[in-house]
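Coordinates from work_8.cif are shown below (mmCIF, C-alpha atoms).
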```
data_model
#
loop_
_atom_site.group_PDB
_atom_site.id
_atom_site.type_symbol
_atom_site.label_atom_id
_atom_site.label_comp_id
_atom_site.auth_asym_id
_atom_site.auth_seq_id
_atom_site.Cartn_x
_atom_site.Cartn_y
_atom_site.Cartn_z
ATOM 1 C CA MET H 28 -2.277 17.904 27.233
ATOM 2 C CA LYS H 29 -4.242 16.184 24.468
ATOM 3 C CA ARG H 30 -2.091 17.899 21.856
ATOM 4 C CA ASN H 31 1.054 16.448 23.453
ATOM 5 C CA MET H 32 -0.571 13.017 23.394
ATOM 6 C CA ALA H 33 -1.425 13.444 19.712
ATOM 7 C CA ILE H 34 2.161 14.459 18.924
ATOM 8 C CA THR H 35 3.495 11.468 20.872
ATOM 9 C CA GLY H 36 1.052 9.202 19.061
ATOM 10 C CA PHE H 37 2.187 10.607 15.718
ATOM 11 C CA TYR H 38 5.845 9.800 16.331
ATOM 12 C CA CYS H 39 5.090 6.386 17.833
ATOM 13 C CA ALA H 40 2.911 5.422 14.865
ATOM 14 C CA LEU H 41 5.662 6.656 12.540
ATOM 15 C CA VAL H 42 8.315 4.528 14.280
ATOM 16 C CA ALA H 43 5.995 1.510 14.162
ATOM 17 C CA LEU H 44 5.454 2.160 10.447
ATOM 18 C CA LEU H 45 9.199 2.226 9.721
ATOM 19 C CA ALA H 46 9.724 -0.928 11.788
ATOM 20 C CA THR H 47 6.964 -2.807 9.946
ATOM 21 C CA LEU H 48 8.440 -1.786 6.601
ATOM 22 C CA GLY H 49 11.858 -2.997 7.737
ATOM 23 C CA TYR H 50 10.352 -6.252 8.963
ATOM 24 C CA GLY H 51 8.521 -6.788 5.679
ATOM 25 C CA ILE H 52 11.661 -6.260 3.612
ATOM 26 C CA VAL H 53 13.697 -8.647 5.753
ATOM 27 C CA GLN H 54 10.927 -11.279 5.743
ATOM 28 C CA ILE H 55 10.750 -11.228 1.945
ATOM 29 C CA LEU H 56 14.550 -11.419 1.630
ATOM 30 C CA GLN H 57 14.586 -14.382 4.009
ATOM 31 C CA VAL H 58 11.954 -16.276 2.018
ATOM 32 C CA LEU H 59 13.886 -15.574 -1.191
ATOM 33 C CA GLY H 60 17.033 -16.963 0.425
ATOM 34 C CA THR H 61 18.972 -13.701 0.207
ATOM 35 C CA LEU H 62 19.563 -13.475 3.955
ATOM 36 C CA LYS H 63 21.106 -16.314 5.926
ATOM 37 C CA TYR H 64 21.140 -17.348 9.570
ATOM 38 C CA PRO H 65 21.739 -15.763 12.063
ATOM 39 C CA LEU H 66 21.458 -12.343 10.373
ATOM 40 C CA ASP H 67 17.947 -13.026 9.078
ATOM 41 C CA ASP H 68 16.583 -13.999 12.487
ATOM 42 C CA ARG H 69 18.344 -11.138 14.238
ATOM 43 C CA LEU H 70 16.862 -8.614 11.832
ATOM 44 C CA ILE H 71 13.373 -10.137 11.881
ATOM 45 C CA TYR H 72 13.248 -10.339 15.668
ATOM 46 C CA GLY H 73 14.855 -6.917 16.039
ATOM 47 C CA PHE H 74 12.349 -5.211 13.763
ATOM 48 C CA SER H 75 9.518 -7.109 15.460
ATOM 49 C CA LEU H 76 10.609 -5.749 18.834
ATOM 50 C CA ALA H 77 10.837 -2.276 17.332
ATOM 51 C CA ILE H 78 7.179 -2.472 16.264
ATOM 52 C CA ALA H 79 5.714 -3.470 19.616
ATOM 53 C CA GLN H 80 6.494 -0.645 22.035
ATOM 54 C CA PRO H 81 5.684 2.212 19.621
ATOM 55 C CA PHE H 82 2.465 0.422 18.664
ATOM 56 C CA LEU H 83 1.467 0.145 22.321
ATOM 57 C CA LEU H 84 2.206 3.818 22.984
ATOM 58 C CA ALA H 85 0.312 4.826 19.839
ATOM 59 C CA MET H 86 -2.722 2.906 21.119
ATOM 60 C CA LEU H 87 -2.329 4.594 24.502
ATOM 61 C CA ALA H 88 -2.328 8.036 22.877
ATOM 62 C CA PHE H 89 -5.242 6.998 20.651
ATOM 63 C CA HIS H 90 -7.273 6.050 23.723
ATOM 64 C CA TYR H 91 -6.711 9.316 25.551
ATOM 65 C CA ILE H 92 -7.401 11.730 22.700
ATOM 66 C CA LEU H 93 -10.780 10.202 21.872
ATOM 67 C CA PRO H 94 -14.020 11.521 23.369
ATOM 68 C CA GLU H 95 -15.136 9.805 26.569
ATOM 69 C CA GLU H 96 -18.082 8.061 24.893
ATOM 70 C CA ARG H 97 -15.810 6.215 22.440
ATOM 71 C CA ARG H 98 -13.209 5.030 24.941
ATOM 72 C CA PHE H 99 -14.678 1.602 25.635
ATOM 73 C CA TRP H 100 -13.439 0.316 22.283
ATOM 74 C CA SER H 101 -10.158 2.219 22.466
ATOM 75 C CA HIS H 102 -9.599 0.790 25.954
ATOM 76 C CA ALA H 103 -10.179 -2.693 24.543
ATOM 77 C CA ALA H 104 -7.683 -1.894 21.769
ATOM 78 C CA LEU H 105 -5.152 -0.785 24.382
ATOM 79 C CA LEU H 106 -5.570 -3.991 26.403
ATOM 80 C CA PHE H 107 -4.990 -6.196 23.369
ATOM 81 C CA ALA H 108 -2.042 -4.015 22.328
ATOM 82 C CA LEU H 109 -0.572 -4.636 25.778
ATOM 83 C CA LEU H 110 -1.047 -8.397 25.402
ATOM 84 C CA TYR H 111 0.604 -8.218 21.976
ATOM 85 C CA THR H 112 3.581 -6.355 23.418
ATOM 86 C CA VAL H 113 4.018 -8.818 26.284
ATOM 87 C CA TYR H 114 4.036 -11.777 23.887
ATOM 88 C CA VAL H 115 6.434 -10.041 21.496
ATOM 89 C CA VAL H 116 8.916 -8.913 24.139
ATOM 90 C CA LEU H 117 8.903 -12.408 25.634
ATOM 91 C CA ILE H 118 9.515 -14.358 22.455
ATOM 92 C CA TYR H 119 11.843 -12.042 20.557
ATOM 93 C CA GLY H 120 13.777 -10.982 23.642
ATOM 94 C CA VAL H 121 14.490 -14.633 24.430
ATOM 95 C CA GLN H 122 15.441 -15.392 20.828
ATOM 96 C CA LEU H 123 17.843 -12.454 20.538
ATOM 97 C CA ALA H 124 19.408 -12.702 23.985
ATOM 98 C CA THR H 125 19.472 -16.467 24.516
ATOM 99 C CA VAL H 126 18.576 -18.747 21.614
ATOM 100 C CA ILE H 127 20.551 -17.184 18.756
ATOM 101 C CA PRO H 128 23.806 -16.690 20.742
ATOM 102 C CA ALA H 129 23.600 -20.279 22.029
ATOM 103 C CA SER H 130 22.886 -21.639 18.541
ATOM 104 C CA LEU H 131 26.161 -20.236 17.212
ATOM 105 C CA HIS H 132 27.922 -22.888 19.301
ATOM 106 C CA ASP H 133 25.297 -25.637 19.209
ATOM 107 C CA ARG H 134 22.597 -25.714 16.498
ATOM 108 C CA ARG H 135 20.526 -28.389 18.205
ATOM 109 C CA GLU H 136 16.903 -27.369 18.773
ATOM 110 C CA THR H 137 15.671 -26.765 22.315
ATOM 111 C CA LEU H 138 12.361 -25.953 23.981
ATOM 112 C CA LEU H 139 13.081 -22.271 23.317
ATOM 113 C CA THR H 140 13.584 -22.703 19.569
ATOM 114 C CA VAL H 141 10.909 -21.178 17.339
ATOM 115 C CA LYS H 142 9.652 -23.885 14.983
ATOM 116 C CA PRO H 143 6.195 -24.953 13.753
ATOM 117 C CA GLN H 144 3.912 -26.302 16.487
ATOM 118 C CA SER H 145 6.371 -25.366 19.255
ATOM 119 C CA PHE H 146 5.776 -23.359 22.446
ATOM 120 C CA PHE H 147 7.245 -20.106 21.155
ATOM 121 C CA TRP H 148 5.611 -20.632 17.754
ATOM 122 C CA THR H 149 2.268 -20.460 19.553
ATOM 123 C CA ILE H 150 3.355 -17.409 21.554
ATOM 124 C CA ASP H 151 4.335 -15.740 18.270
ATOM 125 C CA ALA H 152 0.906 -16.506 16.827
ATOM 126 C CA LEU H 153 -0.840 -15.121 19.900
ATOM 127 C CA GLY H 154 1.106 -11.890 19.482
ATOM 128 C CA TYR H 155 -0.076 -11.399 15.902
ATOM 129 C CA ILE H 156 -3.629 -12.353 16.874
ATOM 130 C CA CYS H 157 -3.732 -9.829 19.722
ATOM 131 C CA MET H 158 -2.367 -7.103 17.461
ATOM 132 C CA GLY H 159 -5.102 -7.815 14.925
ATOM 133 C CA ILE H 160 -7.800 -7.713 17.582
ATOM 134 C CA ALA H 161 -6.329 -4.445 18.909
ATOM 135 C CA THR H 162 -6.665 -2.755 15.523
ATOM 136 C CA LEU H 163 -10.170 -4.178 15.121
ATOM 137 C CA MET H 164 -11.212 -2.640 18.442
ATOM 138 C CA ALA H 165 -9.533 0.640 17.467
ATOM 139 C CA ALA H 166 -11.607 0.748 14.282
ATOM 140 C CA PHE H 167 -14.794 0.435 16.331
ATOM 141 C CA ALA H 168 -13.689 3.433 18.412
ATOM 142 C CA LEU H 169 -13.592 5.772 15.416
ATOM 143 C CA LYS H 170 -16.502 7.880 14.276
ATOM 144 C CA ASN H 171 -17.971 6.869 10.946
ATOM 145 C CA ASN H 172 -17.015 9.898 8.866
ATOM 146 C CA SER H 173 -14.962 10.750 5.794
ATOM 147 C CA ASP H 174 -11.969 11.991 7.814
ATOM 148 C CA THR H 175 -11.267 8.575 9.319
ATOM 149 C CA LEU H 176 -12.736 6.335 6.609
ATOM 150 C CA TRP H 177 -9.442 4.976 5.249
ATOM 151 C CA LEU H 178 -7.940 4.583 8.712
ATOM 152 C CA SER H 179 -11.010 2.674 9.849
ATOM 153 C CA HIS H 180 -10.875 0.426 6.787
ATOM 154 C CA PHE H 181 -7.198 -0.422 7.270
ATOM 155 C CA LEU H 182 -7.636 -1.095 10.981
ATOM 156 C CA LEU H 183 -10.581 -3.368 10.192
ATOM 157 C CA ALA H 184 -8.648 -5.090 7.411
ATOM 158 C CA ASN H 185 -5.808 -5.867 9.783
ATOM 159 C CA GLY H 186 -8.309 -7.328 12.217
ATOM 160 C CA PHE H 187 -9.741 -9.477 9.439
ATOM 161 C CA VAL H 188 -6.242 -10.847 8.773
ATOM 162 C CA VAL H 189 -6.421 -12.715 12.100
ATOM 163 C CA PRO H 190 -8.060 -15.853 10.579
ATOM 164 C CA LEU H 191 -5.285 -15.922 7.961
ATOM 165 C CA ILE H 192 -2.693 -15.685 10.728
ATOM 166 C CA CYS H 193 -4.378 -18.621 12.465
ATOM 167 C CA ILE H 194 -4.160 -20.696 9.275
ATOM 168 C CA THR H 195 -0.500 -19.749 8.812
ATOM 169 C CA TYR H 196 0.466 -20.770 12.332
ATOM 170 C CA PHE H 197 -1.894 -23.608 13.169
ATOM 171 C CA TYR H 198 -2.274 -25.473 9.872
ATOM 172 C CA PRO H 199 -0.817 -28.950 10.581
ATOM 173 C CA HIS H 200 1.710 -28.859 7.733
ATOM 174 C CA PHE H 201 3.706 -25.639 7.629
ATOM 175 C CA SER H 202 5.313 -24.552 4.356
ATOM 176 C CA THR H 203 6.344 -21.390 2.527
ATOM 177 C CA ALA H 204 2.905 -21.431 0.882
ATOM 178 C CA THR H 205 1.133 -21.289 4.249
ATOM 179 C CA LEU H 206 3.493 -18.511 5.314
ATOM 180 C CA TRP H 207 2.319 -16.394 2.388
ATOM 181 C CA ILE H 208 -1.310 -16.821 3.483
ATOM 182 C CA GLY H 209 -0.620 -14.302 6.222
ATOM 183 C CA SER H 210 1.185 -11.899 3.876
ATOM 184 C CA PRO H 211 -1.665 -9.308 3.744
ATOM 185 C CA TRP H 212 -0.340 -8.328 7.193
ATOM 186 C CA LEU H 213 2.610 -6.751 5.347
ATOM 187 C CA ILE H 214 0.140 -4.300 3.800
ATOM 188 C CA THR H 215 -2.513 -3.820 6.477
ATOM 189 C CA VAL H 216 -0.163 -2.998 9.362
ATOM 190 C CA PRO H 217 2.040 -0.431 7.565
ATOM 191 C CA GLY H 218 -1.096 1.073 6.039
ATOM 192 C CA SER H 219 -2.740 1.284 9.452
ATOM 193 C CA MET H 220 0.322 2.913 11.016
ATOM 194 C CA LEU H 221 0.686 5.407 8.165
ATOM 195 C CA LEU H 222 -2.943 6.467 8.404
ATOM 196 C CA LEU H 223 -2.842 6.478 12.200
ATOM 197 C CA SER H 224 0.139 8.849 12.109
ATOM 198 C CA ARG H 225 -1.830 11.133 9.782
ATOM 199 C CA PHE H 226 -4.786 10.940 12.179
ATOM 200 C CA PHE H 227 -2.580 12.034 15.086
ATOM 201 C CA LYS H 228 -1.032 14.832 13.024
ATOM 202 C CA LYS H 229 -4.465 16.177 12.109
ATOM 203 C CA GLU H 230 -5.647 15.949 15.715
ATOM 204 C CA ALA H 231 -2.551 17.798 16.942
ATOM 205 C CA ALA H 232 -3.107 20.558 14.384
ATOM 206 C CA GLU H 233 -6.760 20.959 15.397
ATOM 207 C CA LEU H 234 -5.896 21.026 19.097
ATOM 208 C CA TRP H 235 -3.258 23.676 18.418
ATOM 209 C CA GLY H 236 -5.843 25.829 16.679
#
```

Step by step, read the file and then write its structure as structure tokens.
Amino acid sequence: MKRNMAITGFYCALVALLATLGYGIVQILQVLGTLKYPLDDRLIYGFSLAIAQPFLLAMLAFHYILPEERRFWSHAALLFALLYTVYVVLIYGVQLATVIPASLHDRRETLLTVKPQSFFWTIDALGYICMGIATLMAAFALKNNSDTLWLSHFLLANGFVVPLICITYFYPHFSTATLWIGSPWLITVPGSMLLLSRFFKKEAAELWG
């Protein structure tokens, strides 16, 4: 049973990795002005949705393959991963299904529009914050040994990005410069997912043996 969970976790972490890489590429192209509306928003929100569910399932598998004595922190990671997923599905689902189609006929901003200091802007921030806390809790669940050292460091690093995310979203005057403050996320999340997939692969191999 645990081996099946490890295999599931491996594939979920791999999908989340690919989605974060896709998101990062699209985000950079948008900032550079290469992609235009509505394609840029559709791709960004689409890749963001594609990260959430695999990330949640990876955290679920992570929780269940750990020894009982380390599951407090992994359970905390799972709870924050769930919060992250709820926020993400809410905001990006609404943007893709409602806001973007409506904006093609009327570009006026509404309550549902994502813009600095708006309702959904805050929801977006809460999603990133919960994801960071989830990886921080996951790092605490790992044993301090050489096998998981890099994974632990990347999970911690992504947790430490949370203050930068807060500055990016809640600084009174948003600009491209403040957006780049949160850019370490583009390294810490893919790195975490890559190393987490390797962790699951190793666990599956050991359980098979």

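Here the PyMOL selection byres ((chain H and resi 174) around 12) matches the residues H:Leu169, H:Lys170, H:Asn171, H:Asn172, H:Ser173, H:Thr175, H:Leu176, H:Trp177, H:Leu178, H:Ser179, H:His180, H:Leu222, H:Leu223, H:Arg225, H:Phe226, H:Phe227, H:Lys229, H:Glu230.
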
Just the selected residues (C-alpha atoms), exported as a short mmCIF file (atom, residue, chain, number, x, y, z; two decimals), keeping the file's coordinate frame, please.
```cif
data_model
loop_
_atom_site.label_atom_id
_atom_site.label_comp_id
_atom_site.auth_asym_id
_atom_site.auth_seq_id
_atom_site.Cartn_x
_atom_site.Cartn_y
_atom_site.Cartn_z
CA LEU H 169 -13.59 5.77 15.42
CA LYS H 170 -16.50 7.88 14.28
CA ASN H 171 -17.97 6.87 10.95
CA ASN H 172 -17.02 9.90 8.87
CA SER H 173 -14.96 10.75 5.79
CA THR H 175 -11.27 8.57 9.32
CA LEU H 176 -12.74 6.34 6.61
CA TRP H 177 -9.44 4.98 5.25
CA LEU H 178 -7.94 4.58 8.71
CA SER H 179 -11.01 2.67 9.85
CA HIS H 180 -10.88 0.43 6.79
CA LEU H 222 -2.94 6.47 8.40
CA LEU H 223 -2.84 6.48 12.20
CA ARG H 225 -1.83 11.13 9.78
CA PHE H 226 -4.79 10.94 12.18
CA PHE H 227 -2.58 12.03 15.09
CA LYS H 229 -4.46 16.18 12.11
CA GLU H 230 -5.65 15.95 15.72
#
```

| message | One decimal, in Å: what's the spacing between atom CA of Phe187 of chain H and atom CA of Gly159 of chain H? | response | 7.4 Å

| request: Run the PyMOL selection byres ((chain H and resi 216) around 10) against the file shown and list the residues it catches, as a list in words. | output: Ala43, Leu44, Thr47, Leu48, Met158, Gly159, Thr162, Phe181, Leu182, Ala184, Asn185, Gly186, Val188, Pro211, Trp212, Leu213, Ile214, Thr215, Pro217, Gly218, Ser219, Met220, Leu221 and Leu222 of chain H

Kindly save the residues from that selection, with C-alpha atoms included, as a CSV table (one decimal), in the frame of the given file.
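For reference, again-v3.csv as written:
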```csv
chain,number,residue,atom,x,y,z
H,43,ALA,CA,6.0,1.5,14.2
H,44,LEU,CA,5.5,2.2,10.4
H,47,THR,CA,7.0,-2.8,9.9
H,48,LEU,CA,8.4,-1.8,6.6
H,158,MET,CA,-2.4,-7.1,17.5
H,159,GLY,CA,-5.1,-7.8,14.9
H,162,THR,CA,-6.7,-2.8,15.5
H,181,PHE,CA,-7.2,-0.4,7.3
H,182,LEU,CA,-7.6,-1.1,11.0
H,184,ALA,CA,-8.6,-5.1,7.4
H,185,ASN,CA,-5.8,-5.9,9.8
H,186,GLY,CA,-8.3,-7.3,12.2
H,188,VAL,CA,-6.2,-10.8,8.8
H,211,PRO,CA,-1.7,-9.3,3.7
H,212,TRP,CA,-0.3,-8.3,7.2
H,213,LEU,CA,2.6,-6.8,5.3
H,214,ILE,CA,0.1,-4.3,3.8
H,215,THR,CA,-2.5,-3.8,6.5
H,217,PRO,CA,2.0,-0.4,7.6
H,218,GLY,CA,-1.1,1.1,6.0
H,219,SER,CA,-2.7,1.3,9.5
H,220,MET,CA,0.3,2.9,11.0
H,221,LEU,CA,0.7,5.4,8.2
H,222,LEU,CA,-2.9,6.5,8.4
```

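Distance check against Ser224 of chain H using only C-alpha atoms: of H:Ala85, H:Leu62, H:Ala79, H:Leu56, the minimum falls on H:Ala85.
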
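Around Ala108 of chain H, within 8 Å and counting all atoms listed in the file, the residues found are H:Phe82, H:Leu83, H:Met86, H:Ala104, H:Leu105, H:Tyr111, H:Thr112, H:Cys157, H:Met158, H:Ala161, once anything fewer than 3 positions away on its own chain is removed.
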
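Closest approach to Ile52 of chain H among H:Phe74, H:Tyr64, H:Phe89, H:Tyr155 is made by H:Phe74 (distances from all atoms listed in the file).
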
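The smallest atom-to-atom distance between Val126 of chain H and any of H:Leu138, H:Ile92, H:Ala232, H:Ala40, using only C-alpha atoms, is found for H:Leu138.
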
| task | Just the residues within 7 Å of Met164 of chain H, please, counting all atoms listed in the file, with nothing from its chain fewer than 6 positions along; format it as a ChimeraX atom specification. | result | /H:100-101,103-104

| field | Selection result of the PyMOL selection byres ((chain H and resi 28) around 12) on this file, as a PyMOL selection string | value | chain H and resi 29-35+88+91-92+231+234-235

| message | Considering only C-alpha atoms, can you say which of H:Val115, H:Ile127, H:Ile192, H:Leu41 comes closest to Asp67 of chain H? | response | H:Ile127

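If you measure from each of H:Pro199, H:Ile208, H:Asp151, H:Phe167 to Phe99 of chain H using all atoms listed in the file, the closest one turns out to be H:Phe167.
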
| query | In Å, with one decimal, what is the gap from atom CA of Pro81 of chain H to atom CA of Cys39 of chain H? | reply | 4.6 Å

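The space separating atom CA of Gly36 of chain H from atom CA of Leu163 of chain H comes to 17.9 Å.
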
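For the choices H:Val42, H:Val113, H:Ile194, H:Asp68, the atom-to-atom distance to Val141 of chain H is smallest for H:Asp68 when using all atoms listed in the file.
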
| request: Tell me which protein, DNA and RNA residues are within 9 Å of Ile118 of chain H, counting only C-alpha atoms, leaving out same-chain ones fewer than 6 positions away, and put them as a ChimeraX atom specification. | output: /H:72,139,141,147-148,150-151

Could those selected residues go to a file with C-alpha atoms, as a short mmCIF file (atom, residue, chain, number, x, y, z; two decimals), keeping the file's coordinate frame?
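Result file is selection_37.cif:
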```cif
data_model
loop_
_atom_site.label_atom_id
_atom_site.label_comp_id
_atom_site.auth_asym_id
_atom_site.auth_seq_id
_atom_site.Cartn_x
_atom_site.Cartn_y
_atom_site.Cartn_z
CA TYR H 72 13.25 -10.34 15.67
CA LEU H 139 13.08 -22.27 23.32
CA VAL H 141 10.91 -21.18 17.34
CA PHE H 147 7.24 -20.11 21.16
CA TRP H 148 5.61 -20.63 17.75
CA ILE H 150 3.36 -17.41 21.55
CA ASP H 151 4.34 -15.74 18.27
#
```
